[in-house]
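Enquirer: Coordinates in upload.cif, mmCIF, C-alpha atoms and all ligand atoms, are listed below.
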```
data_query
#
loop_
_atom_site.label_atom_id
_atom_site.label_comp_id
_atom_site.auth_asym_id
_atom_site.auth_seq_id
_atom_site.Cartn_x
_atom_site.Cartn_y
_atom_site.Cartn_z
CA MET A 1097 125.60 -136.16 -46.56
CA GLU A 1098 123.10 -137.29 -44.02
CA ALA A 1099 123.33 -135.79 -40.59
CA ILE A 1100 124.02 -138.27 -37.85
CA ILE A 1101 122.51 -137.71 -34.44
CA GLN A 1102 125.21 -138.37 -31.87
CA PRO A 1103 123.94 -140.29 -28.88
CA THR A 1104 124.36 -138.26 -25.71
CA ALA A 1105 126.45 -141.06 -24.15
CA ALA A 1106 129.11 -140.50 -26.80
CA ILE A 1107 129.17 -136.80 -26.00
CA TRP A 1108 129.50 -137.44 -22.27
CA LYS A 1109 132.51 -139.65 -23.15
CA VAL A 1110 134.13 -136.75 -24.98
CA LEU A 1111 133.38 -134.37 -22.10
CA GLU A 1112 135.13 -136.79 -19.77
CA THR A 1113 138.35 -135.92 -21.57
CA VAL A 1114 138.06 -132.20 -20.83
CA CYS A 1115 140.05 -131.29 -17.74
CA ASP A 1116 139.76 -128.32 -15.42
CA PRO A 1117 142.74 -126.09 -16.32
CA GLU A 1118 143.37 -125.24 -12.67
CA VAL A 1119 142.99 -128.77 -11.31
CA PRO A 1120 144.12 -130.83 -14.30
CA VAL A 1121 143.51 -134.23 -12.69
CA LEU A 1122 139.78 -133.56 -12.61
CA THR A 1123 137.55 -133.63 -15.64
CA ILE A 1124 134.64 -131.25 -15.90
CA VAL A 1125 132.39 -134.28 -15.42
CA ASP A 1126 134.21 -135.25 -12.17
CA LEU A 1127 133.65 -131.69 -10.95
CA GLY A 1128 129.94 -131.71 -11.72
CA ILE A 1129 130.19 -128.67 -13.98
CA VAL A 1130 128.31 -130.34 -16.86
CA ARG A 1131 124.61 -130.26 -16.01
CA ASP A 1132 123.00 -131.42 -19.23
CA VAL A 1133 123.74 -132.70 -22.72
CA GLN A 1134 121.24 -132.53 -25.57
CA THR A 1135 121.75 -133.54 -29.15
CA SER A 1136 120.09 -132.65 -32.41
CA GLU A 1137 120.67 -133.14 -36.15
CA LYS A 1138 122.83 -130.05 -36.02
CA GLY A 1139 125.07 -130.89 -33.09
CA ALA A 1140 124.95 -130.55 -29.34
CA VAL A 1141 123.79 -128.24 -26.60
CA ILE A 1142 125.89 -128.50 -23.46
CA THR A 1143 124.69 -126.88 -20.25
CA ILE A 1144 127.37 -126.00 -17.72
CA THR A 1145 127.42 -124.20 -14.40
CA PRO A 1146 130.38 -122.28 -12.94
CA THR A 1147 132.06 -123.44 -9.75
CA TYR A 1148 132.55 -119.90 -8.42
CA SER A 1149 131.13 -116.77 -10.10
CA GLY A 1150 134.58 -115.34 -10.73
CA CYS A 1151 136.29 -118.58 -11.73
CA PRO A 1152 138.60 -117.57 -14.59
CA ALA A 1153 138.75 -121.20 -15.77
CA MET A 1154 135.17 -121.11 -17.09
CA ASP A 1155 136.05 -119.22 -20.27
CA VAL A 1156 138.87 -121.68 -20.99
CA ILE A 1157 136.60 -124.64 -20.26
CA ARG A 1158 134.08 -123.34 -22.77
CA ILE A 1159 136.73 -123.24 -25.50
CA GLN A 1160 138.06 -126.68 -24.54
CA ILE A 1161 134.59 -128.23 -24.77
CA LYS A 1162 134.15 -126.85 -28.28
CA MET A 1163 137.60 -128.08 -29.34
CA ALA A 1164 137.12 -131.57 -27.91
CA LEU A 1165 133.73 -131.95 -29.57
CA ALA A 1166 135.03 -130.55 -32.85
CA GLU A 1167 137.76 -133.19 -32.85
CA ALA A 1168 135.06 -135.80 -32.33
CA GLY A 1169 133.31 -134.44 -35.39
CA ILE A 1170 130.61 -132.40 -33.65
CA LYS A 1171 130.98 -128.91 -35.02
CA GLU A 1172 127.74 -127.19 -34.06
CA VAL A 1173 128.01 -126.82 -30.31
CA GLU A 1174 126.05 -124.42 -28.19
CA ILE A 1175 127.15 -123.94 -24.61
CA LYS A 1176 124.57 -122.68 -22.17
CA GLN A 1177 125.37 -121.50 -18.69
CA ILE A 1178 122.98 -121.86 -15.79
CA LEU A 1179 123.45 -120.56 -12.24
CA SER A 1180 120.66 -122.38 -10.46
CA PRO A 1181 120.89 -124.82 -8.79
CA ALA A 1182 124.20 -123.33 -7.69
CA TRP A 1183 127.21 -125.61 -8.08
CA THR A 1184 128.22 -127.57 -5.01
CA THR A 1185 131.10 -129.88 -4.17
CA ASP A 1186 128.41 -132.45 -3.34
CA TRP A 1187 128.34 -133.13 -7.08
CA MET A 1188 131.99 -134.14 -7.23
CA SER A 1189 132.37 -137.81 -8.20
CA GLU A 1190 133.95 -140.31 -5.78
CA GLU A 1191 136.41 -141.08 -8.56
CA GLY A 1192 137.28 -137.38 -8.71
CA LYS A 1193 137.88 -137.24 -4.95
CA LYS A 1194 140.34 -140.13 -5.17
CA LYS A 1195 142.18 -138.48 -8.03
CA LEU A 1196 142.42 -135.22 -6.08
CA HIS A 1197 143.94 -136.92 -3.04
CA ALA A 1198 146.49 -138.76 -5.21
CA TYR A 1199 147.35 -135.44 -6.88
CA GLY A 1200 148.13 -133.79 -3.52
CA ILE A 1201 144.90 -131.87 -2.94
CA ALA A 1202 142.69 -133.00 -0.07
CA PRO A 1203 139.13 -133.56 -1.36
CA PRO A 1204 136.01 -132.12 0.32
CA GLN A 1205 135.34 -133.99 3.56
CA TYR A 1206 131.66 -133.31 4.06
CA LYS A 1207 128.39 -132.72 2.31
CA VAL A 1208 127.33 -129.09 2.30
CA LYS A 1209 124.20 -129.80 4.34
CA ASP A 1210 126.42 -130.94 7.23
CA ASP A 1211 127.43 -127.26 7.48
CA ALA A 1212 130.77 -128.25 8.98
CA ASN A 1213 132.95 -125.44 10.28
CA ILE A 1214 136.15 -125.37 8.24
CA GLU A 1215 138.20 -124.69 11.39
CA ASP A 1216 136.99 -128.01 12.81
CA THR A 1217 137.81 -129.86 9.59
CA HIS A 1218 140.93 -132.02 9.52
CA PRO A 1219 141.34 -133.39 6.01
CA PRO A 1220 143.88 -136.22 5.82
CA CYS A 1221 147.28 -134.97 4.65
CA PRO A 1222 147.74 -136.01 1.00
CA GLN A 1223 151.43 -136.72 1.72
CA CYS A 1224 151.34 -138.87 4.89
CA ASN A 1225 147.60 -139.38 5.54
CA SER A 1226 147.81 -137.93 9.04
CA VAL A 1227 144.60 -136.29 10.23
CA ASP A 1228 146.54 -134.01 12.55
CA THR A 1229 146.15 -131.09 10.15
CA ARG A 1230 145.20 -127.45 10.62
CA LEU A 1231 143.68 -124.61 8.64
CA VAL A 1232 146.19 -121.93 7.62
CA SER A 1233 143.87 -119.80 5.50
CA GLU A 1234 140.33 -120.23 4.28
CA PHE A 1235 141.49 -118.86 0.93
CA GLY A 1236 143.99 -120.82 -1.15
CA SER A 1237 145.57 -120.76 -4.58
CA THR A 1238 142.14 -120.62 -6.26
CA ALA A 1239 138.67 -119.71 -5.03
CA CYS A 1240 137.73 -123.37 -4.54
CA LYS A 1241 140.60 -124.20 -2.19
CA ALA A 1242 141.74 -123.46 1.35
CA LEU A 1243 145.30 -123.74 2.64
CA PHE A 1244 146.10 -126.35 5.28
CA GLN A 1245 149.23 -127.64 6.92
CA CYS A 1246 150.06 -131.10 8.27
CA ASN A 1247 151.25 -131.07 11.89
CA ASP A 1248 153.05 -134.40 11.41
CA CYS A 1249 155.04 -134.03 8.21
CA LEU A 1250 154.71 -130.22 8.19
CA GLU A 1251 153.79 -130.11 4.49
CA PRO A 1252 151.39 -127.36 3.51
CA PHE A 1253 148.62 -128.52 1.19
CA ASP A 1254 145.50 -127.37 -0.61
CA TYR A 1255 142.08 -128.50 0.56
CA PHE A 1256 139.18 -128.45 -1.88
CA LYS A 1257 136.65 -126.84 0.43
CA CYS A 1258 133.01 -127.83 0.80
CA HIS A 1259 130.92 -125.34 -1.08
CA MET B 122 133.96 -109.26 -29.11
CA SER B 123 132.69 -106.83 -31.69
CA GLN B 124 135.07 -104.85 -33.86
CA THR B 125 133.58 -101.51 -32.98
CA MET B 126 131.98 -101.18 -29.62
CA ILE B 127 128.73 -99.39 -29.46
CA GLN B 128 128.39 -96.31 -27.26
CA TYR B 129 126.33 -96.59 -24.12
CA GLU B 130 124.72 -93.17 -24.54
CA GLY B 131 121.65 -92.86 -26.70
CA LYS B 132 119.50 -95.88 -27.32
CA ILE B 133 120.92 -98.20 -24.64
CA ALA B 134 120.81 -95.54 -21.94
CA GLN B 135 117.23 -94.79 -22.92
CA ILE B 136 116.17 -98.43 -22.63
CA VAL B 137 117.74 -98.59 -19.17
CA GLN B 138 116.09 -95.31 -18.20
CA GLU B 139 112.67 -96.75 -19.01
CA ASP B 140 113.09 -100.06 -17.19
CA PRO B 141 113.51 -100.07 -13.39
CA MET B 142 114.52 -103.76 -13.34
CA LEU B 143 117.45 -103.00 -15.65
CA GLN B 144 118.44 -100.19 -13.29
CA PHE B 145 118.22 -102.59 -10.38
CA LEU B 146 120.48 -105.09 -12.18
CA LEU B 147 123.02 -102.36 -12.83
CA TYR B 148 122.82 -101.21 -9.20
CA ALA B 149 123.61 -104.75 -8.01
CA GLY B 150 126.28 -105.24 -10.69
CA ASP B 151 127.94 -101.88 -10.01
CA ASN B 152 128.17 -102.55 -6.28
CA ALA B 153 129.92 -105.82 -7.06
CA LEU B 154 132.23 -104.39 -9.72
CA ILE B 155 133.41 -101.37 -7.75
CA THR B 156 133.86 -103.29 -4.50
CA GLY B 157 135.73 -105.95 -6.47
CA HIS B 158 137.94 -103.33 -8.09
CA ARG B 159 138.87 -101.83 -4.73
CA CYS B 160 139.65 -105.28 -3.29
CA SER B 161 141.75 -106.10 -6.36
CA GLU B 162 143.95 -103.08 -5.64
CA TRP B 163 145.41 -105.10 -2.76
CA CYS B 164 146.63 -107.84 -5.09
CA GLY B 165 150.39 -108.00 -4.54
CA HIS B 166 150.20 -105.53 -1.64
CA GLY B 167 148.51 -107.57 1.09
CA PRO B 168 150.00 -107.46 4.60
CA ILE B 169 150.89 -111.16 4.42
CA LEU B 170 150.68 -113.66 1.58
CA GLU B 171 147.62 -115.53 2.89
CA GLN B 172 145.65 -112.31 3.22
CA ASP B 173 146.81 -111.07 -0.16
CA ILE B 174 145.39 -114.28 -1.62
CA ALA B 175 142.22 -113.97 0.44
CA ILE B 176 141.35 -110.47 -0.69
CA SER B 177 142.31 -111.24 -4.30
CA ASN B 178 139.93 -114.20 -4.23
CA ILE B 179 137.22 -112.01 -2.77
CA ALA B 180 137.83 -109.49 -5.57
CA LEU B 181 137.36 -112.26 -8.13
CA ASP B 182 134.07 -113.33 -6.55
CA TYR B 183 132.78 -109.77 -6.71
CA ILE B 184 133.82 -109.30 -10.32
CA GLY B 185 132.21 -112.64 -11.18
CA ALA B 186 128.96 -111.51 -9.56
CA ALA B 187 129.15 -108.23 -11.51
CA ARG B 188 129.54 -110.19 -14.76
CA ASN B 189 126.42 -112.22 -14.00
CA PHE B 190 124.34 -109.10 -13.43
CA TYR B 191 125.76 -107.29 -16.48
CA GLN B 192 125.29 -110.32 -18.75
CA LEU B 193 121.67 -110.57 -17.72
CA ALA B 194 121.12 -106.83 -18.21
CA ALA B 195 122.85 -106.92 -21.61
CA THR B 196 120.72 -109.85 -22.79
CA ARG B 197 117.55 -108.04 -21.76
CA ILE B 198 118.57 -104.76 -23.36
CA GLN B 199 119.33 -106.58 -26.59
CA ALA B 200 115.99 -108.39 -26.45
CA LYS B 201 114.26 -105.01 -26.42
CA ASP B 202 116.14 -103.86 -29.48
CA PRO B 203 117.90 -106.64 -31.40
CA SER B 204 119.64 -104.08 -33.60
CA LEU B 205 121.79 -103.03 -30.64
CA GLU B 206 125.03 -104.75 -29.90
CA VAL B 207 125.37 -104.71 -26.16
CA THR B 208 127.47 -106.97 -23.97
CA GLU B 209 128.65 -107.07 -20.37
CA ASP B 210 131.67 -105.05 -21.55
CA THR B 211 129.49 -102.22 -22.84
CA LEU B 212 128.02 -101.89 -19.37
CA ALA B 213 131.29 -102.14 -17.46
CA TYR B 214 133.52 -100.10 -19.75
CA LEU B 215 131.41 -97.60 -21.63
CA ARG B 216 129.23 -96.03 -18.99
CA ASP B 217 130.22 -92.79 -17.30
CA ALA B 218 130.29 -92.06 -13.59
CA TRP B 219 126.76 -90.62 -13.58
CA ASP B 220 125.46 -93.90 -15.06
CA PHE B 221 126.96 -95.96 -12.22
CA LYS B 222 124.62 -96.75 -9.35
CA ASN B 223 126.97 -98.29 -6.80
CA LEU B 224 126.82 -97.26 -3.16
CA LEU B 225 129.28 -94.51 -2.28
CA ILE B 226 130.86 -96.71 0.38
CA ALA B 227 132.09 -99.07 -2.35
CA GLU B 228 134.11 -96.43 -4.17
CA LEU B 229 135.89 -94.81 -1.20
CA PRO B 230 139.64 -95.44 -1.05
CA ASN B 231 140.94 -98.58 0.61
CA GLY B 232 142.96 -96.66 3.19
CA ASP B 233 144.74 -99.01 5.56
CA TRP B 234 143.93 -102.66 6.28
CA ALA B 235 141.45 -101.68 9.00
CA GLN B 236 139.50 -99.40 6.65
CA THR B 237 139.58 -102.03 3.90
CA THR B 238 138.33 -104.89 6.05
CA ILE B 239 135.61 -102.94 7.87
CA ARG B 240 134.38 -101.66 4.49
CA VAL B 241 134.14 -105.23 3.19
CA TYR B 242 132.35 -106.05 6.44
CA PHE B 243 129.79 -103.26 5.97
CA ILE B 244 129.15 -104.26 2.37
CA SER B 245 129.08 -108.03 2.84
CA SER B 246 126.91 -107.88 5.98
CA PHE B 247 124.39 -105.86 3.95
CA GLN B 248 124.71 -108.18 0.94
CA TRP B 249 124.30 -111.30 3.04
CA LEU B 250 120.79 -110.07 3.94
CA PHE B 251 120.11 -108.50 0.55
CA TYR B 252 120.86 -111.68 -1.43
CA GLN B 253 118.90 -113.85 0.98
CA GLN B 254 115.81 -111.80 0.20
CA LEU B 255 116.66 -111.71 -3.49
CA THR B 256 116.72 -115.52 -3.73
CA GLN B 257 112.95 -115.27 -3.22
CA SER B 258 112.55 -113.06 -6.29
CA SER B 259 109.80 -113.96 -8.76
CA ASP B 260 112.30 -113.10 -11.50
CA ALA B 261 113.96 -116.51 -11.91
CA ASP B 262 117.17 -115.16 -13.51
CA VAL B 263 117.67 -112.68 -10.69
CA ALA B 264 116.94 -115.31 -8.05
CA ALA B 265 119.52 -117.62 -9.66
CA ILE B 266 122.27 -114.99 -9.48
CA ALA B 267 121.34 -114.29 -5.86
CA GLU B 268 121.51 -117.99 -4.98
CA LYS B 269 124.93 -118.28 -6.58
CA THR B 270 126.32 -115.08 -5.04
CA LEU B 271 124.99 -115.77 -1.58
CA LYS B 272 127.23 -118.82 -1.22
CA GLU B 273 130.25 -116.62 -1.90
CA VAL B 274 129.18 -113.66 0.23
CA LYS B 275 129.11 -116.07 3.16
CA TYR B 276 132.91 -116.30 2.95
CA HIS B 277 133.37 -112.55 2.57
CA LEU B 278 131.24 -111.89 5.61
CA ARG B 279 133.02 -114.47 7.75
CA TRP B 280 136.45 -113.23 6.69
CA SER B 281 135.72 -109.52 7.24
CA ARG B 282 133.83 -110.13 10.49
CA GLU B 283 136.87 -111.95 11.87
CA TRP B 284 139.12 -109.05 10.90
CA VAL B 285 136.88 -106.47 12.55
CA ILE B 286 136.93 -108.51 15.75
CA ARG B 287 140.64 -109.21 15.55
CA LEU B 288 141.61 -105.58 14.99
CA GLY B 289 139.09 -104.16 17.44
CA ASP B 290 140.09 -106.62 20.12
CA GLY B 291 143.79 -106.57 19.17
CA THR B 292 146.48 -104.07 20.08
CA GLU B 293 146.00 -100.43 21.05
CA GLU B 294 147.21 -99.45 17.58
CA SER B 295 144.89 -101.83 15.70
CA ALA B 296 141.89 -100.72 17.76
CA LYS B 297 142.75 -97.08 17.12
CA ARG B 298 143.00 -97.67 13.38
CA LEU B 299 139.70 -99.51 13.34
CA ARG B 300 137.94 -96.70 15.23
CA GLN B 301 139.36 -94.16 12.77
CA ALA B 302 138.10 -96.26 9.86
CA LEU B 303 134.69 -96.53 11.48
CA THR B 304 134.49 -92.75 11.96
CA PHE B 305 135.41 -92.20 8.32
CA LEU B 306 133.04 -94.82 6.85
CA TRP B 307 130.05 -94.56 9.16
CA PRO B 308 128.28 -91.66 7.36
CA PHE B 309 128.24 -93.83 4.23
CA THR B 310 126.62 -96.91 5.81
CA GLY B 311 123.02 -95.69 5.56
CA GLU B 312 122.70 -95.35 1.80
CA ALA B 313 122.06 -99.05 1.15
CA PHE B 314 118.81 -98.77 3.13
CA LYS B 315 117.44 -95.67 1.41
CA GLU B 316 115.15 -96.84 -1.33
CA ALA B 317 115.90 -95.60 -4.84
CA SER B 318 112.99 -95.19 -7.27
CA TYR B 319 114.00 -98.35 -9.18
CA GLU B 320 113.96 -100.31 -5.92
CA THR B 321 110.45 -99.14 -5.12
CA ALA B 322 109.29 -99.96 -8.64
CA THR B 323 110.78 -103.48 -8.57
CA SER B 324 110.09 -104.39 -4.94
CA SER B 325 107.26 -106.81 -5.70
CA ALA B 326 109.51 -108.72 -8.12
CA THR B 327 112.70 -108.59 -6.03
CA THR B 328 110.91 -109.07 -2.68
CA ILE B 329 113.49 -106.73 -1.13
CA GLN B 330 112.22 -104.99 1.98
CA LEU B 331 114.81 -102.43 2.96
CA ALA B 332 113.28 -101.53 6.32
CA LYS B 333 113.40 -105.18 7.36
CA LEU B 334 116.97 -105.48 6.05
CA HIS B 335 117.99 -102.45 8.06
CA GLU B 336 116.67 -103.92 11.30
CA LEU B 337 118.48 -107.23 10.72
CA TRP B 338 121.65 -105.41 9.76
CA LYS B 339 121.65 -103.35 12.97
CA GLN B 340 121.37 -106.56 14.99
CA GLU B 341 124.32 -108.06 13.13
CA LEU B 342 126.37 -104.93 13.86
CA GLN B 343 125.46 -104.91 17.56
CA GLU B 344 126.76 -108.44 17.99
CA VAL B 345 129.98 -108.07 16.07
CA PHE B 346 130.83 -104.62 17.43
CA ALA B 347 130.27 -105.86 20.98
CA GLU B 348 132.83 -108.58 20.36
CA ALA B 349 135.22 -106.12 18.72
CA GLY B 350 134.89 -103.62 21.58
CA LEU B 351 133.42 -100.99 19.26
CA GLU B 352 130.45 -98.73 19.91
CA VAL B 353 127.81 -98.57 17.19
CA PRO B 354 127.81 -94.84 16.31
CA THR B 355 124.64 -92.93 17.05
CA GLN B 356 125.21 -90.25 14.37
CA GLN B 357 123.06 -90.24 11.26
CA ALA B 358 124.61 -92.06 8.34
CA PHE B 359 123.66 -89.22 6.05
CA GLN B 360 125.80 -89.65 2.94
CA SER B 361 124.01 -90.81 -0.18
CA GLY B 362 123.84 -90.24 -3.93
CA GLY B 363 125.62 -93.20 -5.50
CA LYS B 364 122.43 -95.13 -6.15
CA THR B 365 121.19 -92.31 -8.37
CA GLY B 366 124.51 -91.56 -10.05
CA LYS B 367 125.80 -88.76 -7.81
CA HIS B 368 129.26 -89.95 -6.84
CA THR B 369 132.35 -88.83 -4.99
CA GLU B 370 135.36 -87.82 -7.04
CA TYR B 371 136.90 -91.23 -6.29
CA LEU B 372 134.68 -93.08 -8.77
CA GLY B 373 135.99 -90.97 -11.65
CA TYR B 374 139.54 -92.08 -10.89
CA ILE B 375 138.50 -95.74 -10.66
CA LEU B 376 136.75 -95.56 -14.03
CA ALA B 377 139.63 -93.69 -15.64
CA GLU B 378 141.89 -96.60 -14.75
CA MET B 379 139.41 -99.41 -15.37
CA GLN B 380 138.00 -98.11 -18.66
CA PHE B 381 141.12 -96.59 -20.21
CA LEU B 382 141.92 -99.46 -22.58
CA GLN B 383 138.42 -99.86 -24.00
CA ARG B 384 138.03 -96.10 -24.37
CA ALA B 385 141.40 -95.64 -26.06
CA TYR B 386 141.23 -98.77 -28.21
CA PRO B 387 137.52 -99.57 -28.67
CA GLY B 388 136.86 -103.28 -29.03
CA ALA B 389 140.43 -104.25 -28.10
CA SER B 390 140.72 -107.87 -27.05
CA TRP B 391 143.50 -110.27 -26.08
ZN ZN C 1301 151.48 -135.02 6.44
#
```
Spit out the file's structure as structure tokens when you get a sec.

Expert:
Amino acid sequence: MEAIIQPTAAIWKVLETVCDPEVPVLTIVDLGIVRDVQTSEKGAVITITPTYSGCPAMDVIRIQIKMALAEAGIKEVEIKQILSPAWTTDWMSEEGKKKLHAYGIAPPQYKVKDDANIEDTHPPCPQCNSVDTRLVSEFGSTACKALFQCNDCLEPFDYFKCH
Amino acid sequence: MSQTMIQYEGKIAQIVQEDPMLQFLLYAGDNALITGHRCSEWCGHGPILEQDIAISNIALDYIGAARNFYQLAATRIQAKDPSLEVTEDTLAYLRDAWDFKNLLIAELPNGDWAQTTIRVYFISSFQWLFYQQLTQSSDADVAAIAEKTLKEVKYHLRWSREWVIRLGDGTEESAKRLRQALTFLWPFTGEAFKEASYETATSSATTIQLAKLHELWKQELQEVFAEAGLEVPTQQAFQSGGKTGKHTEYLGYILAEMQFLQRAYPGASW
């Protein structure tokens, strides 16, 4: 059988179905984890970068990429990891930010270069949209999040911090 | 994961022995792993939930940084002798205490919350400067790890700095505890700035200048201690040995716990 070279666009489409296990409304493409896709007669080489060094989701994501591509008929998949340039929330898609808010997690409010102090950040409450919110802890349920509370509706919520 | 894990002693140890950059990678990785292990001991025991989560997240960052250094070292060892099977796990789980190069301050017990947070402060304030210099390294893989880690160390430094100030400037009891922790840890704060042979040998590649780091670090301490109402001790910080494999008894206990599974059931995996 003749080998078919998959166009990279088709592979990106498949990768858009792979979700972050810790934030399941976001795909790995929304998050900006996928840095490059190359194809060959054999299969594909996917280059990814971790969000945080210790992010336990990265090992799962690697397996999920291979499974999703295998289902699409691409068996030979090499996954490369790069660390530089270091991942930043600046790469998160606008679509991803909307999905986060709807899911109950406040998306990053600034670009990293703004160097905004997290204590002066008041992400809109995902429940009632009030901006009267306050930082409870810079560390939340996962490395990428901080814990906030809404002063209006009193709901605590996660904030995906600028990184 | 291989079925039978290779021993670290012998060929692998010899390759490391002959290559100062590999020793430097292990030094950086070991500092991260042992500090991360100590921080992880607080998981489920933090004084309040938010701080339990904070220090557990910090532990994860450290262990992630350790993995990056070990993976790079393992790849390079294997490149020198493709017949060897060496992974990050070989380096974390199969080396003995005398092979570890972490600073002594990283392996000391957590003690109370004051001792834990001021230890993280000492380590992260050093690392903040260390990784900044290391991002300039001519070794692109090393510079990439430094760039990645630096973004995370920024949080550790801010968090621990706030605790030092809060405890020092808090109640009589908290200030007393912090001063006790300072007295206990101070002798161990000088080792980071004493150059090991592998640091000298790699300094043109890493661009690390320890004398410069030391000056910057003393300035950092002056500012934060002033705010915390602490005096910077004038005694010599004389304790050292970790960088060259001469450790306190505490490291042996850490390794006994951390390495037990891989030693008892070589190659065991989930
Ligand atoms: Zn609200």

Enquirer: Residues within 8 Å of Ala186 of chain B, please, as an MDAnalysis selection string. Count all atoms listed in the file; anything in the same chain fewer than 5 positions from it doesn't count.

Expert: (chainID A and resid 1149:1150) or (chainID B and resid 150 153:154 266 270)

Enquirer: Would you please work out which residue, of A:Ala1212, A:Val1227, A:Ile1124, A:Val1232, is nearest to ligand ZN 1301 (chain C) when using all atoms listed in the file?

Expert: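 The shortest atom-to-atom distance to ligand ZN 1301 (chain C) comes from A:Val1227.
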
Enquirer: Give one line per residue of chain A that approaches ligand ZN 1301 (chain C) to at most 10 Å, naming the two atoms of the closest pair and their distance in Å to one decimal, counting all atoms listed in the file; sort by chain then ascending residue number and deliver it as a tab-separated table.

Expert:
```
residue	atom	partner	partner_atom	distance
A:Pro1220	CA	C:ZN1301	ZN	7.7
A:Cys1221	CA	C:ZN1301	ZN	4.6
A:Pro1222	CA	C:ZN1301	ZN	6.7
A:Gln1223	CA	C:ZN1301	ZN	5.0
A:Cys1224	CA	C:ZN1301	ZN	4.2
A:Asn1225	CA	C:ZN1301	ZN	5.9
A:Ser1226	CA	C:ZN1301	ZN	5.4
A:Val1227	CA	C:ZN1301	ZN	8.0
A:Asp1228	CA	C:ZN1301	ZN	7.9
A:Thr1229	CA	C:ZN1301	ZN	7.6
A:Gln1245	CA	C:ZN1301	ZN	7.7
A:Cys1246	CA	C:ZN1301	ZN	4.6
A:Asn1247	CA	C:ZN1301	ZN	6.7
A:Asp1248	CA	C:ZN1301	ZN	5.2
A:Cys1249	CA	C:ZN1301	ZN	4.1
A:Leu1250	CA	C:ZN1301	ZN	6.0
A:Glu1251	CA	C:ZN1301	ZN	5.8
A:Pro1252	CA	C:ZN1301	ZN	8.2
A:Phe1253	CA	C:ZN1301	ZN	8.8
```

Enquirer: Using all atoms listed in the file for the distances, tell me which of A:Ile1201, A:Thr1145, A:Lys1194, A:Ala1166 is nearest to Ser1180 of chain A.

Expert: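 Among the listed residues, A:Thr1145 lies closest to Ser1180 of chain A.
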
Enquirer: Measuring atom to atom with only C-alpha atoms, identify which of A:Ala1105, A:Cys1258, A:Asp1216, A:Asp1211 is nearest to Trp1187 of chain A.

Expert: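 Closest residue, counting only C-alpha atoms: A:Cys1258.
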
Enquirer: Would you please work out which residue, of A:Ile1170, A:Leu1127, A:Ala1153, A:Ala1202, is nearest to chain B when using only C-alpha atoms?

Expert: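 The closest residue to chain B is A:Ala1153.
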
Enquirer: Return as CSV the residues of chain B lying at most 9 Å from chain A, together with the closest atom-to-atom pair for each and the distance in Å to one decimal, counting all atoms listed in the file, with rows in chain order and ascending residue number.

Expert:
```
residue,atom,partner,partner_atom,distance
B:Glu171,CA,A:Ser1233,CA,6.3
B:Gln172,CA,A:Ser1233,CA,8.0
B:Ile174,CA,A:Phe1235,CA,6.5
B:Ala175,CA,A:Phe1235,CA,5.0
B:Ile176,CA,A:Phe1235,CA,8.5
B:Asn178,CA,A:Ala1239,CA,5.7
B:Ile179,CA,A:Ala1239,CA,8.2
B:Ala180,CA,A:Gly1150,CA,8.5
B:Leu181,CA,A:Gly1150,CA,4.9
B:Asp182,CA,A:Gly1150,CA,4.7
B:Tyr183,CA,A:Gly1150,CA,7.1
B:Ile184,CA,A:Gly1150,CA,6.1
B:Gly185,CA,A:Gly1150,CA,3.6
B:Ala186,CA,A:Ser1149,CA,5.7
B:Ala187,CA,A:Ser1149,CA,8.9
B:Arg188,CA,A:Ser1149,CA,8.2
B:Asn189,CA,A:Ser1149,CA,7.6
B:Asp262,CA,A:Leu1179,CA,8.4
B:Ala264,CA,A:Ser1180,CA,8.3
B:Ala265,CA,A:Ser1180,CA,5.0
B:Ile266,CA,A:Leu1179,CA,6.3
B:Glu268,CA,A:Ala1182,CA,6.6
B:Lys269,CA,A:Ala1182,CA,5.2
B:Thr270,CA,A:Ser1149,CA,7.2
B:Lys272,CA,A:His1259,CA,7.5
B:Glu273,CA,A:Tyr1148,CA,7.7
B:Tyr276,CA,A:Glu1234,CA,8.5
B:Trp280,CA,A:Glu1234,CA,8.4
```

Enquirer: List as a list of chain:residue names the protein and nucleic acid residues near Glu1190 of chain A, meaning an atom at most 10 Å away when only C-alpha atoms are counted, but skip any in the same chain fewer than 5 places from it.

Expert: A:Asp1126, A:Lys1195, A:Leu1196, A:Pro1203

Enquirer: Keeping C-alpha atoms for every residue in the selection just given, could you write it to a file as a short mmCIF file (atom, residue, chain, number, x, y, z; two decimals), keeping the file's coordinate frame?

Expert:
```cif
data_model
loop_
_atom_site.label_atom_id
_atom_site.label_comp_id
_atom_site.auth_asym_id
_atom_site.auth_seq_id
_atom_site.Cartn_x
_atom_site.Cartn_y
_atom_site.Cartn_z
CA ASP A 1126 134.21 -135.25 -12.17
CA LYS A 1195 142.18 -138.48 -8.03
CA LEU A 1196 142.42 -135.22 -6.08
CA PRO A 1203 139.13 -133.56 -1.36
#
```

Enquirer: Name the residues in contact with Ile1175 of chain A at a cut-off of 10 Å, using all atoms listed in the file, excluding same-chain residues fewer than 6 positions from it; report them as a list of chain:residue names.

Expert: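 The residues satisfying every condition are A:Val1133, A:Ala1140, A:Val1141, A:Ile1142, A:Thr1143, A:Ile1144, A:Arg1158, A:Ile1159, A:Ile1161, A:Lys1162.
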
Enquirer: Rounded to one decimal place, report the atom CA of Pro1204 of chain A-atom CA of Arg279 of chain B distance in Å.

Expert: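 Taking atom CA of Pro1204 of chain A as the start and atom CA of Arg279 of chain B as the end point, the length is 19.4 Å.
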
Enquirer: From the list A:Val1130, A:Met1188, A:Cys1115, A:Leu1231, which residue is nearest Thr1217 of chain A when using only C-alpha atoms?

Expert: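 Closest to Thr1217 of chain A of all the choices is A:Leu1231.
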